[in-house]
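> So here's structure.txt (compact mmCIF, N, CA and C atoms).
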```txt
# COMPACT_ATOMS: atom_id res chain seq x y z
N MET A 14 153.51 132.80 89.91
CA MET A 14 152.45 131.96 90.45
C MET A 14 151.64 132.79 91.45
N PRO A 15 150.31 132.70 91.42
CA PRO A 15 149.48 133.50 92.33
C PRO A 15 149.71 133.09 93.78
N THR A 16 149.45 134.04 94.68
CA THR A 16 149.63 133.74 96.11
C THR A 16 148.38 133.15 96.73
N ASP A 17 147.28 133.17 96.03
CA ASP A 17 146.08 132.53 96.53
C ASP A 17 145.26 132.03 95.34
N CYS A 18 144.24 131.28 95.63
CA CYS A 18 143.38 130.83 94.55
C CYS A 18 141.98 130.60 95.09
N ALA A 19 141.02 130.78 94.23
CA ALA A 19 139.62 130.60 94.61
C ALA A 19 138.90 129.83 93.52
N THR A 20 137.88 129.13 93.93
CA THR A 20 137.01 128.49 92.93
C THR A 20 136.19 129.59 92.28
N PRO A 21 135.66 129.33 91.11
CA PRO A 21 134.62 130.23 90.62
C PRO A 21 133.45 130.14 91.59
N VAL A 22 132.54 131.07 91.50
CA VAL A 22 131.34 130.99 92.35
C VAL A 22 130.54 129.78 91.91
N LEU A 23 130.25 128.90 92.86
CA LEU A 23 129.54 127.66 92.58
C LEU A 23 128.06 127.81 92.92
N ALA A 24 127.23 127.06 92.21
CA ALA A 24 125.79 127.07 92.46
C ALA A 24 125.49 126.15 93.64
N GLY A 25 125.61 126.71 94.82
CA GLY A 25 125.32 125.95 96.03
C GLY A 25 123.85 126.00 96.37
N ARG A 26 123.48 125.18 97.33
CA ARG A 26 122.10 125.15 97.82
C ARG A 26 122.12 125.01 99.33
N LEU A 27 121.28 125.78 99.99
CA LEU A 27 121.07 125.65 101.42
C LEU A 27 119.81 124.82 101.61
N LEU A 28 119.95 123.65 102.22
CA LEU A 28 118.80 122.78 102.40
C LEU A 28 117.93 123.29 103.54
N LEU A 29 116.65 123.41 103.29
CA LEU A 29 115.70 123.89 104.28
C LEU A 29 114.93 122.74 104.92
N ASP A 30 114.55 121.79 104.11
CA ASP A 30 113.75 120.66 104.54
C ASP A 30 113.91 119.59 103.46
N GLU A 31 113.39 118.42 103.69
CA GLU A 31 113.46 117.34 102.72
C GLU A 31 112.97 117.82 101.35
N GLY A 32 113.88 117.92 100.38
CA GLY A 32 113.52 118.32 99.03
C GLY A 32 113.33 119.81 98.84
N LYS A 33 113.52 120.63 99.87
CA LYS A 33 113.35 122.07 99.76
C LYS A 33 114.69 122.75 100.04
N PHE A 34 115.01 123.71 99.20
CA PHE A 34 116.28 124.41 99.35
C PHE A 34 116.18 125.80 98.74
N ILE A 35 117.16 126.63 99.06
CA ILE A 35 117.31 127.92 98.38
C ILE A 35 118.69 127.95 97.75
N GLU A 36 118.79 128.65 96.62
CA GLU A 36 120.07 128.80 95.94
C GLU A 36 121.01 129.63 96.82
N LEU A 37 122.26 129.24 96.85
CA LEU A 37 123.24 129.91 97.69
C LEU A 37 124.59 129.89 96.98
N PRO A 38 125.09 131.04 96.52
CA PRO A 38 126.40 131.04 95.87
C PRO A 38 127.49 130.71 96.89
N VAL A 39 128.43 129.87 96.47
CA VAL A 39 129.52 129.43 97.35
C VAL A 39 130.84 129.55 96.59
N ARG A 40 131.87 129.95 97.33
CA ARG A 40 133.21 129.99 96.75
C ARG A 40 134.20 129.51 97.82
N PHE A 41 135.17 128.72 97.40
CA PHE A 41 136.24 128.29 98.29
C PHE A 41 137.49 129.08 97.95
N LEU A 42 138.23 129.46 98.99
CA LEU A 42 139.45 130.23 98.84
C LEU A 42 140.57 129.51 99.56
N TYR A 43 141.74 129.49 98.93
CA TYR A 43 142.92 128.89 99.54
C TYR A 43 144.05 129.90 99.55
N LEU A 44 144.66 130.08 100.71
CA LEU A 44 145.80 130.99 100.87
C LEU A 44 147.01 130.17 101.30
N PRO A 45 148.07 130.16 100.51
CA PRO A 45 149.26 129.40 100.90
C PRO A 45 149.85 129.84 102.24
N GLU A 46 149.57 131.07 102.65
CA GLU A 46 150.06 131.55 103.94
C GLU A 46 149.35 130.85 105.10
N ALA A 47 148.19 130.28 104.84
CA ALA A 47 147.45 129.48 105.81
C ALA A 47 147.26 128.10 105.17
N PRO A 48 148.35 127.33 105.02
CA PRO A 48 148.35 126.17 104.13
C PRO A 48 147.47 125.00 104.54
N TYR A 49 147.04 124.97 105.77
CA TYR A 49 146.24 123.83 106.23
C TYR A 49 144.74 124.02 106.01
N SER A 50 144.31 125.21 105.66
CA SER A 50 142.87 125.47 105.65
C SER A 50 142.36 126.04 104.33
N VAL A 51 141.06 125.95 104.18
CA VAL A 51 140.33 126.61 103.10
C VAL A 51 139.26 127.48 103.76
N VAL A 52 138.79 128.46 103.02
CA VAL A 52 137.71 129.31 103.50
C VAL A 52 136.53 129.11 102.56
N MET A 53 135.36 128.89 103.14
CA MET A 53 134.12 128.75 102.37
C MET A 53 133.34 130.05 102.55
N GLU A 54 133.16 130.78 101.43
CA GLU A 54 132.49 132.08 101.44
C GLU A 54 131.15 131.99 100.72
N PHE A 55 130.31 132.97 100.99
CA PHE A 55 129.00 133.06 100.37
C PHE A 55 128.87 134.43 99.72
N PRO A 56 129.46 134.61 98.52
CA PRO A 56 129.47 135.92 97.87
C PRO A 56 128.06 136.44 97.62
N GLY A 57 127.92 137.73 97.83
CA GLY A 57 126.63 138.36 97.58
C GLY A 57 125.74 138.41 98.80
N PHE A 58 126.14 137.74 99.88
CA PHE A 58 125.36 137.79 101.11
C PHE A 58 126.07 138.71 102.09
N ASP A 59 125.31 139.30 103.01
CA ASP A 59 125.93 140.23 103.95
C ASP A 59 126.82 139.51 104.95
N ALA A 60 127.52 140.28 105.73
CA ALA A 60 128.51 139.73 106.67
C ALA A 60 127.88 138.81 107.71
N ALA A 61 126.58 138.95 107.96
CA ALA A 61 125.91 138.10 108.95
C ALA A 61 125.98 136.62 108.56
N VAL A 62 126.03 136.34 107.26
CA VAL A 62 126.12 134.96 106.80
C VAL A 62 127.49 134.39 107.16
N GLY A 63 128.51 135.24 107.07
CA GLY A 63 129.85 134.85 107.48
C GLY A 63 130.58 133.98 106.47
N ALA A 64 131.71 133.51 106.91
CA ALA A 64 132.56 132.60 106.14
C ALA A 64 133.04 131.53 107.11
N TRP A 65 133.34 130.37 106.58
CA TRP A 65 133.80 129.25 107.41
C TRP A 65 135.19 128.84 106.98
N GLU A 66 136.09 128.71 107.94
CA GLU A 66 137.44 128.23 107.67
C GLU A 66 137.58 126.86 108.29
N PHE A 67 138.04 125.91 107.48
CA PHE A 67 138.24 124.56 107.98
C PHE A 67 139.35 123.88 107.20
N SER A 68 139.68 122.69 107.59
CA SER A 68 140.82 121.95 107.06
C SER A 68 140.68 121.64 105.57
N ARG A 69 141.74 121.93 104.83
CA ARG A 69 141.78 121.56 103.41
C ARG A 69 141.72 120.04 103.27
N ASP A 70 142.42 119.32 104.15
CA ASP A 70 142.36 117.85 104.12
C ASP A 70 140.96 117.33 104.39
N LEU A 71 140.21 118.01 105.25
CA LEU A 71 138.82 117.61 105.52
C LEU A 71 137.99 117.74 104.25
N LEU A 72 138.16 118.82 103.51
CA LEU A 72 137.42 118.99 102.26
C LEU A 72 137.78 117.89 101.28
N TRP A 73 139.07 117.58 101.15
CA TRP A 73 139.51 116.52 100.24
C TRP A 73 138.94 115.17 100.67
N GLU A 74 139.07 114.86 101.95
CA GLU A 74 138.56 113.59 102.46
C GLU A 74 137.05 113.46 102.26
N GLY A 75 136.34 114.57 102.46
CA GLY A 75 134.88 114.57 102.30
C GLY A 75 134.42 114.31 100.88
N LEU A 76 135.30 114.49 99.92
CA LEU A 76 134.95 114.16 98.54
C LEU A 76 134.91 112.65 98.32
N HIS A 77 135.51 111.89 99.24
CA HIS A 77 135.64 110.44 99.07
C HIS A 77 134.89 109.62 100.11
N THR A 78 134.73 110.15 101.33
CA THR A 78 134.07 109.42 102.40
C THR A 78 133.53 110.41 103.41
N ALA A 79 132.60 109.99 104.23
CA ALA A 79 132.09 110.87 105.28
C ALA A 79 133.26 111.30 106.16
N ALA A 80 133.33 112.60 106.44
CA ALA A 80 134.49 113.12 107.16
C ALA A 80 134.07 114.23 108.12
N GLY A 81 134.85 114.37 109.16
CA GLY A 81 134.68 115.47 110.09
C GLY A 81 133.92 115.09 111.34
N VAL A 82 134.23 115.81 112.38
CA VAL A 82 133.51 115.76 113.65
C VAL A 82 133.43 117.19 114.14
N GLY A 83 132.43 117.50 114.92
CA GLY A 83 132.34 118.86 115.44
C GLY A 83 131.60 119.80 114.52
N ASP A 84 132.15 120.99 114.33
CA ASP A 84 131.45 122.08 113.63
C ASP A 84 131.28 121.88 112.14
N VAL A 85 132.18 121.13 111.49
CA VAL A 85 132.10 120.94 110.04
C VAL A 85 132.17 119.44 109.75
N ARG A 86 131.16 118.97 109.03
CA ARG A 86 131.13 117.58 108.59
C ARG A 86 130.80 117.56 107.10
N ILE A 87 131.39 116.60 106.39
CA ILE A 87 131.23 116.57 104.94
C ILE A 87 130.90 115.15 104.49
N TRP A 88 129.96 115.05 103.55
CA TRP A 88 129.59 113.77 102.95
C TRP A 88 129.82 113.83 101.45
N PRO A 89 130.37 112.76 100.89
CA PRO A 89 130.68 112.76 99.46
C PRO A 89 129.42 112.58 98.61
N PRO A 90 129.57 112.82 97.31
CA PRO A 90 128.46 112.54 96.39
C PRO A 90 128.12 111.05 96.44
N CYS A 91 126.90 110.73 96.11
CA CYS A 91 126.47 109.34 96.09
C CYS A 91 125.84 109.05 94.73
N PRO A 92 126.66 108.66 93.74
CA PRO A 92 126.14 108.41 92.40
C PRO A 92 125.05 107.33 92.36
N THR A 93 125.12 106.39 93.29
CA THR A 93 124.12 105.33 93.34
C THR A 93 122.72 105.92 93.51
N HIS A 94 122.63 106.99 94.28
CA HIS A 94 121.35 107.65 94.52
C HIS A 94 121.17 108.90 93.67
N GLY A 95 122.03 109.08 92.66
CA GLY A 95 121.90 110.20 91.76
C GLY A 95 122.38 111.53 92.35
N LEU A 96 123.14 111.48 93.44
CA LEU A 96 123.61 112.71 94.07
C LEU A 96 125.03 113.01 93.61
N ARG A 97 125.21 114.15 92.98
CA ARG A 97 126.53 114.54 92.49
C ARG A 97 127.09 115.72 93.27
N ARG A 98 126.47 116.00 94.39
CA ARG A 98 126.86 117.15 95.19
C ARG A 98 127.55 116.72 96.47
N LEU A 99 128.44 117.57 96.90
CA LEU A 99 129.12 117.42 98.17
C LEU A 99 128.22 118.07 99.22
N ARG A 100 127.97 117.39 100.32
CA ARG A 100 127.12 117.95 101.38
C ARG A 100 128.01 118.36 102.55
N ILE A 101 127.86 119.61 102.97
CA ILE A 101 128.68 120.17 104.04
C ILE A 101 127.76 120.69 105.13
N MET A 102 127.90 120.12 106.33
CA MET A 102 127.12 120.56 107.47
C MET A 102 127.96 121.52 108.30
N LEU A 103 127.40 122.69 108.55
CA LEU A 103 128.06 123.72 109.34
C LEU A 103 127.26 123.90 110.63
N GLN A 104 127.91 123.74 111.75
CA GLN A 104 127.21 123.82 113.03
C GLN A 104 127.84 124.92 113.87
N GLY A 105 127.04 125.92 114.22
CA GLY A 105 127.53 127.04 115.01
C GLY A 105 126.64 127.31 116.20
N GLU A 106 126.92 128.39 116.88
CA GLU A 106 126.15 128.76 118.07
C GLU A 106 124.69 129.03 117.75
N ASP A 107 124.43 129.53 116.54
CA ASP A 107 123.07 129.91 116.17
C ASP A 107 122.29 128.79 115.48
N GLY A 108 122.90 127.64 115.29
CA GLY A 108 122.19 126.54 114.65
C GLY A 108 123.06 125.77 113.67
N THR A 109 122.38 124.97 112.86
CA THR A 109 123.06 124.10 111.91
C THR A 109 122.53 124.37 110.52
N ALA A 110 123.43 124.34 109.54
CA ALA A 110 123.04 124.52 108.14
C ALA A 110 123.67 123.40 107.32
N MET A 111 122.92 122.91 106.34
CA MET A 111 123.42 121.91 105.41
C MET A 111 123.50 122.58 104.04
N VAL A 112 124.72 122.63 103.51
CA VAL A 112 124.97 123.26 102.22
C VAL A 112 125.43 122.18 101.25
N GLU A 113 124.91 122.24 100.04
CA GLU A 113 125.35 121.33 98.98
C GLU A 113 126.05 122.14 97.90
N VAL A 114 127.16 121.59 97.39
CA VAL A 114 127.87 122.22 96.27
C VAL A 114 128.22 121.12 95.27
N PRO A 115 128.32 121.47 94.00
CA PRO A 115 128.73 120.46 93.01
C PRO A 115 130.14 119.96 93.34
N ALA A 116 130.30 118.66 93.36
CA ALA A 116 131.57 118.06 93.78
C ALA A 116 132.67 118.19 92.73
N LYS A 117 132.32 118.05 91.46
CA LYS A 117 133.34 118.01 90.42
C LYS A 117 134.21 119.27 90.39
N PRO A 118 133.63 120.49 90.42
CA PRO A 118 134.52 121.66 90.39
C PRO A 118 135.36 121.82 91.66
N VAL A 119 134.85 121.34 92.79
CA VAL A 119 135.64 121.39 94.03
C VAL A 119 136.83 120.46 93.91
N ARG A 120 136.60 119.25 93.43
CA ARG A 120 137.68 118.27 93.24
C ARG A 120 138.72 118.81 92.25
N SER A 121 138.26 119.35 91.14
CA SER A 121 139.17 119.90 90.13
C SER A 121 139.98 121.06 90.68
N TRP A 122 139.35 121.92 91.45
CA TRP A 122 140.04 123.06 92.04
C TRP A 122 141.11 122.61 93.04
N LEU A 123 140.76 121.66 93.89
CA LEU A 123 141.74 121.17 94.85
C LEU A 123 142.94 120.56 94.12
N ARG A 124 142.68 119.68 93.17
CA ARG A 124 143.77 119.02 92.43
C ARG A 124 144.58 119.99 91.60
N GLY A 125 143.90 120.81 90.83
CA GLY A 125 144.58 121.63 89.83
C GLY A 125 145.13 122.94 90.33
N ARG A 126 144.55 123.50 91.38
CA ARG A 126 145.00 124.82 91.83
C ARG A 126 145.58 124.77 93.24
N SER A 127 144.79 124.32 94.19
CA SER A 127 145.23 124.35 95.59
C SER A 127 146.45 123.47 95.83
N PHE A 128 146.38 122.21 95.40
CA PHE A 128 147.52 121.30 95.61
C PHE A 128 148.71 121.67 94.73
N ALA A 129 148.47 122.44 93.66
CA ALA A 129 149.59 122.93 92.84
C ALA A 129 150.36 124.01 93.59
N LEU A 130 149.65 124.82 94.38
CA LEU A 130 150.32 125.86 95.17
C LEU A 130 151.10 125.27 96.33
N VAL A 131 150.43 124.38 97.07
CA VAL A 131 151.07 123.72 98.21
C VAL A 131 150.63 122.25 98.17
N PRO A 132 151.51 121.35 97.75
CA PRO A 132 151.12 119.93 97.67
C PRO A 132 150.73 119.37 99.04
N ARG A 133 149.84 118.39 99.00
CA ARG A 133 149.46 117.70 100.24
C ARG A 133 150.69 117.12 100.90
N GLY A 134 150.77 117.27 102.21
CA GLY A 134 151.90 116.76 102.96
C GLY A 134 153.06 117.73 103.04
N ARG A 135 152.97 118.85 102.32
CA ARG A 135 154.06 119.84 102.31
C ARG A 135 153.63 121.15 102.98
N GLU A 136 152.47 121.12 103.65
CA GLU A 136 151.95 122.33 104.27
C GLU A 136 152.89 122.91 105.33
N SER A 137 153.55 122.04 106.08
CA SER A 137 154.42 122.52 107.17
C SER A 137 155.57 123.38 106.65
N GLU A 138 155.93 123.19 105.39
CA GLU A 138 157.00 124.00 104.81
C GLU A 138 156.57 125.45 104.61
N ARG A 139 155.27 125.68 104.53
CA ARG A 139 154.73 127.02 104.30
C ARG A 139 154.17 127.66 105.56
N ALA A 140 153.90 126.85 106.58
CA ALA A 140 153.25 127.36 107.79
C ALA A 140 154.23 128.20 108.60
N ALA A 141 153.79 129.36 108.94
CA ALA A 141 154.57 130.24 109.81
C ALA A 141 153.76 130.38 111.10
N VAL A 142 153.91 129.42 111.98
CA VAL A 142 153.12 129.40 113.20
C VAL A 142 153.96 129.92 114.36
N ASP A 143 153.43 130.90 115.07
CA ASP A 143 154.05 131.40 116.29
C ASP A 143 153.46 130.57 117.43
N TRP A 144 154.14 129.48 117.77
CA TRP A 144 153.60 128.53 118.74
C TRP A 144 153.41 129.16 120.11
N ASP A 145 154.27 130.08 120.53
CA ASP A 145 154.09 130.74 121.82
C ASP A 145 152.81 131.56 121.84
N ALA A 146 152.56 132.30 120.77
CA ALA A 146 151.33 133.10 120.68
C ALA A 146 150.10 132.20 120.63
N GLU A 147 150.17 131.10 119.90
CA GLU A 147 149.04 130.18 119.81
C GLU A 147 148.74 129.55 121.17
N LEU A 148 149.77 129.15 121.90
CA LEU A 148 149.58 128.56 123.22
C LEU A 148 148.97 129.59 124.17
N THR A 149 149.45 130.81 124.12
CA THR A 149 148.90 131.87 124.97
C THR A 149 147.43 132.10 124.63
N ARG A 150 147.11 132.14 123.34
CA ARG A 150 145.71 132.34 122.92
C ARG A 150 144.82 131.22 123.43
N LEU A 151 145.30 129.97 123.33
CA LEU A 151 144.51 128.84 123.79
C LEU A 151 144.31 128.85 125.30
N VAL A 152 145.35 129.19 126.04
CA VAL A 152 145.26 129.21 127.50
C VAL A 152 144.32 130.31 127.96
N ARG A 153 144.33 131.44 127.27
CA ARG A 153 143.46 132.55 127.65
C ARG A 153 142.05 132.40 127.09
N GLY A 154 141.85 131.44 126.19
CA GLY A 154 140.53 131.21 125.63
C GLY A 154 140.11 132.20 124.57
N ARG A 155 141.08 132.75 123.88
CA ARG A 155 140.74 133.72 122.80
C ARG A 155 141.18 133.20 121.47
```
Please go through the file and, once you have read it, give me the structure as structure tokens.

Amino acid sequence: MPTDCATPVLAGRLLLDEGKFIELPVRFLYLPEAPYSVVMEFPGFDAAVGAWEFSRDLLWEGLHTAAGVGDVRIWPPCPTHGLRRLRIMLQGEDGTAMVEVPAKPVRSWLRGRSFALVPRGRESERAAVDWDAELTRLVRGR
């Protein structure tokens, strides 16, 4: 069984304004060694674009209902309005970006690959957290 899994590169879109967007390739990566999170990458773009790491449960929840507070928020597709894309808002020091990705391949990937590696609710069995180091990092602000 593989130690990690990634979605194929998805045809994402970066929303610029109402009805205006640019194409943006997106890929999600899951590492069982970091069982609580997924990484959202933008292949083909330089390092300045970066990657975002956030909760795997947040991504799953966002497929079904509005989810998240803070830096990452997710809204599900809205078939009533003809929207089949997952909307992900990323908020950082330099501003806010709204990215859309097709929901169906994300849902299939989570169900078929990510949850197959580490089932929901079983993440703690895989987590190797050094709580002393984490507490020290938080207290020092790093």
> Pick the closest to Phe55 (chain A) from A:Arg153, A:Pro118, A:Val39, A:His77: which is it, counting only N, CA and C atoms?
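Residue with the minimum atom-to-atom distance to Phe55 (chain A): A:Val39.
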> By how many Å are CA of Met53 (chain A) and CA of Glu66 (chain A) apart?
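Distance reported for this atom pair: 6.3 Å.
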> Figure out the distance between atom N of Phe41 (chain A) and atom N of Val22 (chain A), please, to one decimal in Å.
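Those two atoms sit 6.9 Å apart.
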> So what do you get for atom C of Gln104 (chain A) versus CA of Pro21 (chain A), distance-wise?
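Computing the Euclidean distance for atom C of Gln104 (chain A) and CA of Pro21 (chain A) yields 24.8 Å.
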> When distances are computed from all atoms listed in the file, which of A:Trp65, A:Tyr43, A:Leu37, A:Glu31 shows the smallest separation from Ala19 (chain A)?
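Residue with the minimum atom-to-atom distance to Ala19 (chain A): A:Tyr43.
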